[in-house]
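> Here it is, the structure, as structure tokens.
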Amino acid sequence: MPQPTIMMCKPVHFEVTYKINPWMTPDEWAENSLALALESSDGWDRLVETLGSLGANLLFVDPQPGLPDLVFTANAAIVMDGKALVARFRHPERQGEEPFYLAFLEALKAQGLLTQVEMTPESVCLEGAGDCVWDTQRNLFWMGYGQRSDQAAARAVGDFFGLETIPLELIDPRYYHMDTALVPLSGGEIVYYPGAFSAAGQAVVAERAGRHNLIAAPEEDAARLSVNLVNLDRDIVLATATDRFQSMIEERGYRLHKLPISSFSKSGGSAFCLTLRLDRTSKTG
Ligand code: ARG
């Protein structure tokens, strides 16, 4: 496996001060903010340590006061074949992150690590890789729409990268980003939570993936954001898994690493959300 390069952001200013998804309750966070901040910081350190030990090269964007969700770098951009399409967020609470992600990716371009960096066209919302998950085996993007990103964004992604982009409607507000409900694994399996998708979407996933490749996460695991996992080769990093979910994954030959990062679910995020792969390449690119 070529060395994965992953963008992250230390949770120095991470907290829950506004509500833009059903997971977020600022009052509850405020009651226990010191302990939760500490827990987040420790959990994130463990994530860094684990990804490092699995061979990843980690790059860090500077934390910014007043932008608590900057830690969720999966939303920064879609990066593929050295090209980056920077996010346009739906909610004003996160729009302030855009210039920081843009500047960071522009700096990588100046260093020769990327060749092209563009903002998503102003006419559409598109929340980065959080809503546009790369499927290495099938050489395509699975794109979630209907909660944060616009359906029309599929066209922008397809045009920019010249790659197939399959839009799937997200119908459950708890699974507001694609990466909370679907993640392809290195061996061609797709871990997903069917209830997050419309019937039409579920049919498309089954058809393109092939039923034997589908790993349907139990409700209980989806509801802990465990589908939001990081997969590097045969290793899988996530917050938690029921015995059932764990054996479904291990049966397919993957090793599970459970990390104490569940405080991030109070903002609606978990392992995948805290990372952005910068080294993805397509077969056509
Ligand atoms: N509080 C953040 C939001 O609602 C969480 C983002 C999680 N990121 C993700 N890729 N699912 O936007």
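Here, A, B, ... name the chains of the structure tokens in the order displayed, residue numbers run from 1 inside each chain, and ligands are numbered from 1 in the same displayed order.
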Please identify every polymer residue within 8 Å of ligand 1, using only C-alpha atoms and all ligand atoms, and present the set as JSON, numbers by chain.

{"A": [16, 19, 20, 21, 24, 69, 72, 73, 74, 75, 94, 127, 128, 129, 130, 131, 176, 177, 178, 179, 180, 228, 267, 268, 269, 270, 272, 273, 274]}

> Which residues of segment 39-141 of chain A sit at most 10 Å from segment 235-256 of chain A, using only C-alpha atoms? Give each one's shortest atom pair and distance in Å (one decimal place), in chain and ascending residue order, as a tab-separated table.


residue	atom	partner	partner_atom	distance
A:Gly43	CA	A:Ala239	CA	9.4
A:Leu47	CA	A:Val237	CA	8.1
A:Thr50	CA	A:Val237	CA	8.1
A:Leu51	CA	A:Val237	CA	8.3
A:Leu54	CA	A:Asp235	CA	7.9

> Please write the residues from the selection above to a file, keeping C-alpha atoms, as a PDB file, in the first residue's frame.


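File produced: out.pdb:
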ATOM      1  CA  GLY A  43      -9.025  10.464  22.125  1.00  0.00           C
ATOM      2  CA  LEU A  47      -6.192   8.505  16.830  1.00  0.00           C
ATOM      3  CA  THR A  50      -2.820   4.793  15.855  1.00  0.00           C
ATOM      4  CA  LEU A  51      -2.864   6.206  12.321  1.00  0.00           C
ATOM      5  CA  LEU A  54      -0.372   2.114  10.774  1.00  0.00           C
TER       6      LEU A  54
END

> Give me the residues within 12 Å of segment 197-213 of chain A as number ranges by chain, counting only C-alpha atoms and dropping any in the same chain fewer than 2 places off.

A: 135, 137-147, 166-178, 180-195, 215-216, 248-249, 252

> Could you dump the residues just selected with C-alpha atoms as a PDB file, in the first residue's frame?


ATOM      1  CA  ASP A 135     -14.546   3.758  -3.630  1.00  0.00           C
ATOM      2  CA  GLN A 137     -12.370  -0.864  -5.981  1.00  0.00           C
ATOM      3  CA  ARG A 138     -15.108   0.586  -8.176  1.00  0.00           C
ATOM      4  CA  ASN A 139     -13.219   3.757  -9.129  1.00  0.00           C
ATOM      5  CA  LEU A 140     -16.097   6.075  -8.236  1.00  0.00           C
ATOM      6  CA  PHE A 141     -17.427   8.536  -5.690  1.00  0.00           C
ATOM      7  CA  TRP A 142     -20.502   7.777  -3.599  1.00  0.00           C
ATOM      8  CA  MET A 143     -22.060  11.175  -2.930  1.00  0.00           C
ATOM      9  CA  GLY A 144     -24.676  11.891  -0.261  1.00  0.00           C
ATOM     10  CA  TYR A 145     -27.213  14.655  -0.830  1.00  0.00           C
ATOM     11  CA  GLY A 146     -30.409  15.979   0.642  1.00  0.00           C
ATOM     12  CA  GLN A 147     -29.117  17.013   4.068  1.00  0.00           C
ATOM     13  CA  ILE A 166     -23.182   8.306  -7.795  1.00  0.00           C
ATOM     14  CA  PRO A 167     -25.563  10.553  -5.842  1.00  0.00           C
ATOM     15  CA  LEU A 168     -27.564   8.857  -3.083  1.00  0.00           C
ATOM     16  CA  GLU A 169     -30.305  10.606  -1.155  1.00  0.00           C
ATOM     17  CA  LEU A 170     -29.821  10.732   2.625  1.00  0.00           C
ATOM     18  CA  ILE A 171     -33.210  10.614   4.315  1.00  0.00           C
ATOM     19  CA  ASP A 172     -32.458  10.443   8.056  1.00  0.00           C
ATOM     20  CA  PRO A 173     -31.276  13.667   9.777  1.00  0.00           C
ATOM     21  CA  ARG A 174     -29.020  11.623  12.110  1.00  0.00           C
ATOM     22  CA  TYR A 175     -27.052  10.499   9.071  1.00  0.00           C
ATOM     23  CA  TYR A 176     -26.628  13.920   7.526  1.00  0.00           C
ATOM     24  CA  HIS A 177     -23.263  13.252   5.881  1.00  0.00           C
ATOM     25  CA  MET A 178     -22.542  10.308   3.604  1.00  0.00           C
ATOM     26  CA  THR A 180     -21.916   8.556   8.693  1.00  0.00           C
ATOM     27  CA  ALA A 181     -23.745   5.881   6.698  1.00  0.00           C
ATOM     28  CA  LEU A 182     -21.475   4.387   4.027  1.00  0.00           C
ATOM     29  CA  VAL A 183     -17.814   3.537   3.734  1.00  0.00           C
ATOM     30  CA  PRO A 184     -16.134   1.283   1.162  1.00  0.00           C
ATOM     31  CA  LEU A 185     -13.384  -1.019   2.431  1.00  0.00           C
ATOM     32  CA  SER A 186     -10.101  -1.839   0.712  1.00  0.00           C
ATOM     33  CA  GLY A 187     -11.247  -5.356  -0.192  1.00  0.00           C
ATOM     34  CA  GLY A 188     -14.359  -4.161  -2.052  1.00  0.00           C
ATOM     35  CA  GLU A 189     -16.881  -4.569   0.776  1.00  0.00           C
ATOM     36  CA  ILE A 190     -19.172  -1.652   1.595  1.00  0.00           C
ATOM     37  CA  VAL A 191     -20.125  -1.003   5.205  1.00  0.00           C
ATOM     38  CA  TYR A 192     -23.378   0.920   5.272  1.00  0.00           C
ATOM     39  CA  TYR A 193     -26.492   1.620   7.252  1.00  0.00           C
ATOM     40  CA  PRO A 194     -29.448   0.990   4.911  1.00  0.00           C
ATOM     41  CA  GLY A 195     -31.902   3.088   6.951  1.00  0.00           C
ATOM     42  CA  ILE A 215     -21.955  -5.265   5.280  1.00  0.00           C
ATOM     43  CA  ALA A 216     -25.113  -3.803   6.797  1.00  0.00           C
ATOM     44  CA  MET A 248     -19.067  -9.061  10.670  1.00  0.00           C
ATOM     45  CA  ILE A 249     -15.926  -7.033   9.963  1.00  0.00           C
ATOM     46  CA  ARG A 252     -13.840 -10.414   6.185  1.00  0.00           C
TER      47      ARG A 252
END

> Using only C-alpha atoms, what does the table of segment 192-262 of chain A residues within 12 Å of segment 2-15 of chain A look like, with each row giving the shortest atom pair and its distance in Å to one decimal, sorted by chain and ascending number, as a tab-separated table?


residue	atom	partner	partner_atom	distance
A:Val230	CA	A:Ile6	CA	10.8
A:Asn231	CA	A:Pro4	CA	10.7
A:Leu232	CA	A:Pro4	CA	7.9
A:Asp233	CA	A:Pro4	CA	9.8
A:Ile261	CA	A:Pro11	CA	11.5

> Of the residues A:Val61, A:Ala271, A:Glu39, A:Trp23, which is the one nearest to Ala107 of chain A, using only C-alpha atoms?

A:Val61

> Check the smallest atom-to-atom distance from each of A:Lys109, A:Arg90, A:Val133, A:Arg280 to Ser149 of chain A using only C-alpha atoms, then report the winner.

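Of all the options, A:Arg90 lies closest to Ser149 of chain A.
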
> Mind listing the alpha helix (DSSP H) residues of segment 33-228 of chain A, per DSSP on the backbone, as an NGL selection string?

:A and (33-53 or 92-95 or 98-110 or 153-161 or 199-209 or 219-222)

> Just list the residues in segment 42-176 of chain A DSSP gives strand (DSSP E or B) on the backbone, as a PDB file with N, CA and C atoms, in the first residue's frame.


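Just written: part_7.pdb:
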ATOM      1  N   ASN A  57       1.091   9.254   6.970  1.00  0.00           N
ATOM      2  CA  ASN A  57       1.802  10.519   7.081  1.00  0.00           C
ATOM      3  C   ASN A  57       0.741  11.581   7.392  1.00  0.00           C
ATOM      4  N   LEU A  58       0.872  12.255   8.542  1.00  0.00           N
ATOM      5  CA  LEU A  58      -0.195  13.152   8.980  1.00  0.00           C
ATOM      6  C   LEU A  58       0.206  14.616   8.814  1.00  0.00           C
ATOM      7  N   LEU A  59      -0.712  15.410   8.268  1.00  0.00           N
ATOM      8  CA  LEU A  59      -0.492  16.849   8.109  1.00  0.00           C
ATOM      9  C   LEU A  59      -1.575  17.569   8.900  1.00  0.00           C
ATOM     10  N   PHE A  60      -1.188  18.656   9.583  1.00  0.00           N
ATOM     11  CA  PHE A  60      -2.133  19.293  10.496  1.00  0.00           C
ATOM     12  C   PHE A  60      -2.454  20.731  10.110  1.00  0.00           C
ATOM     13  N   ALA A  77     -12.646  19.308   1.916  1.00  0.00           N
ATOM     14  CA  ALA A  77     -12.530  19.271   0.458  1.00  0.00           C
ATOM     15  C   ALA A  77     -12.664  17.834  -0.022  1.00  0.00           C
ATOM     16  N   ILE A  78     -12.777  17.682  -1.314  1.00  0.00           N
ATOM     17  CA  ILE A  78     -12.612  16.373  -1.941  1.00  0.00           C
ATOM     18  C   ILE A  78     -11.253  16.439  -2.626  1.00  0.00           C
ATOM     19  N   VAL A  79     -10.391  15.485  -2.330  1.00  0.00           N
ATOM     20  CA  VAL A  79      -9.047  15.521  -2.906  1.00  0.00           C
ATOM     21  C   VAL A  79      -8.792  14.208  -3.646  1.00  0.00           C
ATOM     22  N   MET A  80      -8.404  14.338  -4.889  1.00  0.00           N
ATOM     23  CA  MET A  80      -8.237  13.154  -5.743  1.00  0.00           C
ATOM     24  C   MET A  80      -7.270  13.482  -6.876  1.00  0.00           C
ATOM     25  N   LYS A  83      -5.808  16.872  -7.129  1.00  0.00           N
ATOM     26  CA  LYS A  83      -6.705  18.022  -7.286  1.00  0.00           C
ATOM     27  C   LYS A  83      -7.639  18.123  -6.079  1.00  0.00           C
ATOM     28  N   ALA A  84      -7.880  19.362  -5.638  1.00  0.00           N
ATOM     29  CA  ALA A  84      -8.753  19.550  -4.467  1.00  0.00           C
ATOM     30  C   ALA A  84      -9.921  20.464  -4.820  1.00  0.00           C
ATOM     31  N   LEU A  85     -11.118  20.018  -4.456  1.00  0.00           N
ATOM     32  CA  LEU A  85     -12.325  20.821  -4.615  1.00  0.00           C
ATOM     33  C   LEU A  85     -12.782  21.184  -3.198  1.00  0.00           C
ATOM     34  N   VAL A  86     -12.587  22.456  -2.850  1.00  0.00           N
ATOM     35  CA  VAL A  86     -12.809  22.900  -1.469  1.00  0.00           C
ATOM     36  C   VAL A  86     -14.306  23.078  -1.198  1.00  0.00           C
ATOM     37  N   ARG A  88     -18.107  24.005   0.101  1.00  0.00           N
ATOM     38  CA  ARG A  88     -19.012  25.132   0.398  1.00  0.00           C
ATOM     39  C   ARG A  88     -20.035  24.585   1.376  1.00  0.00           C
ATOM     40  N   GLN A 116      -3.857  21.307  -8.328  1.00  0.00           N
ATOM     41  CA  GLN A 116      -4.976  22.225  -8.583  1.00  0.00           C
ATOM     42  C   GLN A 116      -5.843  22.327  -7.331  1.00  0.00           C
ATOM     43  N   VAL A 117      -6.216  23.545  -6.966  1.00  0.00           N
ATOM     44  CA  VAL A 117      -7.089  23.750  -5.805  1.00  0.00           C
ATOM     45  C   VAL A 117      -8.169  24.747  -6.209  1.00  0.00           C
ATOM     46  N   GLU A 118      -9.426  24.321  -6.150  1.00  0.00           N
ATOM     47  CA  GLU A 118     -10.530  25.205  -6.547  1.00  0.00           C
ATOM     48  C   GLU A 118     -11.604  25.175  -5.471  1.00  0.00           C
ATOM     49  N   MET A 119     -12.332  26.284  -5.353  1.00  0.00           N
ATOM     50  CA  MET A 119     -13.537  26.278  -4.513  1.00  0.00           C
ATOM     51  C   MET A 119     -14.653  25.593  -5.295  1.00  0.00           C
ATOM     52  N   LEU A 126     -21.536  21.673  -0.987  1.00  0.00           N
ATOM     53  CA  LEU A 126     -20.847  20.390  -1.108  1.00  0.00           C
ATOM     54  C   LEU A 126     -19.865  20.315   0.047  1.00  0.00           C
ATOM     55  N   CYS A 132     -18.712  12.776   0.075  1.00  0.00           N
ATOM     56  CA  CYS A 132     -18.270  12.251  -1.214  1.00  0.00           C
ATOM     57  C   CYS A 132     -17.146  11.264  -0.948  1.00  0.00           C
ATOM     58  N   VAL A 133     -17.535  10.016  -0.811  1.00  0.00           N
ATOM     59  CA  VAL A 133     -16.637   8.987  -0.312  1.00  0.00           C
ATOM     60  C   VAL A 133     -16.065   8.200  -1.493  1.00  0.00           C
ATOM     61  N   TRP A 134     -14.759   8.073  -1.535  1.00  0.00           N
ATOM     62  CA  TRP A 134     -14.110   7.399  -2.669  1.00  0.00           C
ATOM     63  C   TRP A 134     -14.160   5.880  -2.509  1.00  0.00           C
ATOM     64  N   ASP A 135     -14.507   5.214  -3.590  1.00  0.00           N
ATOM     65  CA  ASP A 135     -14.546   3.758  -3.630  1.00  0.00           C
ATOM     66  C   ASP A 135     -13.426   3.293  -4.559  1.00  0.00           C
ATOM     67  N   LEU A 140     -15.007   5.084  -8.183  1.00  0.00           N
ATOM     68  CA  LEU A 140     -16.097   6.075  -8.236  1.00  0.00           C
ATOM     69  C   LEU A 140     -16.312   6.725  -6.875  1.00  0.00           C
ATOM     70  N   PHE A 141     -17.010   7.866  -6.919  1.00  0.00           N
ATOM     71  CA  PHE A 141     -17.427   8.536  -5.690  1.00  0.00           C
ATOM     72  C   PHE A 141     -18.874   8.164  -5.374  1.00  0.00           C
ATOM     73  N   TRP A 142     -19.138   7.860  -4.101  1.00  0.00           N
ATOM     74  CA  TRP A 142     -20.502   7.777  -3.599  1.00  0.00           C
ATOM     75  C   TRP A 142     -20.802   9.125  -2.939  1.00  0.00           C
ATOM     76  N   MET A 143     -21.790   9.831  -3.464  1.00  0.00           N
ATOM     77  CA  MET A 143     -22.060  11.175  -2.930  1.00  0.00           C
ATOM     78  C   MET A 143     -23.415  11.254  -2.233  1.00  0.00           C
ATOM     79  N   GLY A 144     -23.426  11.726  -1.002  1.00  0.00           N
ATOM     80  CA  GLY A 144     -24.676  11.891  -0.261  1.00  0.00           C
ATOM     81  C   GLY A 144     -25.262  13.270  -0.507  1.00  0.00           C
ATOM     82  N   TYR A 145     -26.571  13.342  -0.673  1.00  0.00           N
ATOM     83  CA  TYR A 145     -27.213  14.655  -0.830  1.00  0.00           C
ATOM     84  C   TYR A 145     -28.551  14.666  -0.094  1.00  0.00           C
ATOM     85  N   THR A 165     -19.650   9.690 -10.389  1.00  0.00           N
ATOM     86  CA  THR A 165     -20.120  10.125  -9.071  1.00  0.00           C
ATOM     87  C   THR A 165     -21.568   9.689  -8.930  1.00  0.00           C
ATOM     88  N   ILE A 166     -21.822   8.826  -7.960  1.00  0.00           N
ATOM     89  CA  ILE A 166     -23.182   8.306  -7.795  1.00  0.00           C
ATOM     90  C   ILE A 166     -23.870   9.010  -6.633  1.00  0.00           C
ATOM     91  N   PRO A 167     -24.871   9.857  -6.922  1.00  0.00           N
ATOM     92  CA  PRO A 167     -25.563  10.553  -5.842  1.00  0.00           C
ATOM     93  C   PRO A 167     -26.601   9.652  -5.180  1.00  0.00           C
ATOM     94  N   LEU A 168     -26.597   9.645  -3.851  1.00  0.00           N
ATOM     95  CA  LEU A 168     -27.564   8.857  -3.083  1.00  0.00           C
ATOM     96  C   LEU A 168     -28.246   9.798  -2.099  1.00  0.00           C
ATOM     97  N   GLU A 169     -29.580   9.713  -2.056  1.00  0.00           N
ATOM     98  CA  GLU A 169     -30.305  10.606  -1.155  1.00  0.00           C
ATOM     99  C   GLU A 169     -30.203  10.112   0.294  1.00  0.00           C
ATOM    100  N   LEU A 170     -29.864  11.038   1.186  1.00  0.00           N
ATOM    101  CA  LEU A 170     -29.821  10.732   2.625  1.00  0.00           C
ATOM    102  C   LEU A 170     -31.143  11.192   3.226  1.00  0.00           C
TER     103      LEU A 170
END

> Identify which of the residues A:His257, A:Arg234, A:Lys266, A:Arg224 lies closest to Thr17 of chain A, counting only C-alpha atoms when measuring atom-to-atom distances.

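Distance minimum relative to Thr17 of chain A lands on A:Lys266.
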
> For Ala87 of chain A, which residue among A:Leu34, A:Ala110, A:Ala56, A:Cys125 is the nearest when counting only C-alpha atoms?

A:Cys125

> May I ask for the distance between atom CA of Tyr101 of chain A and atom CA of Pro68 of chain A, given in Å to one decimal place?

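It comes out at 13.7 Å.
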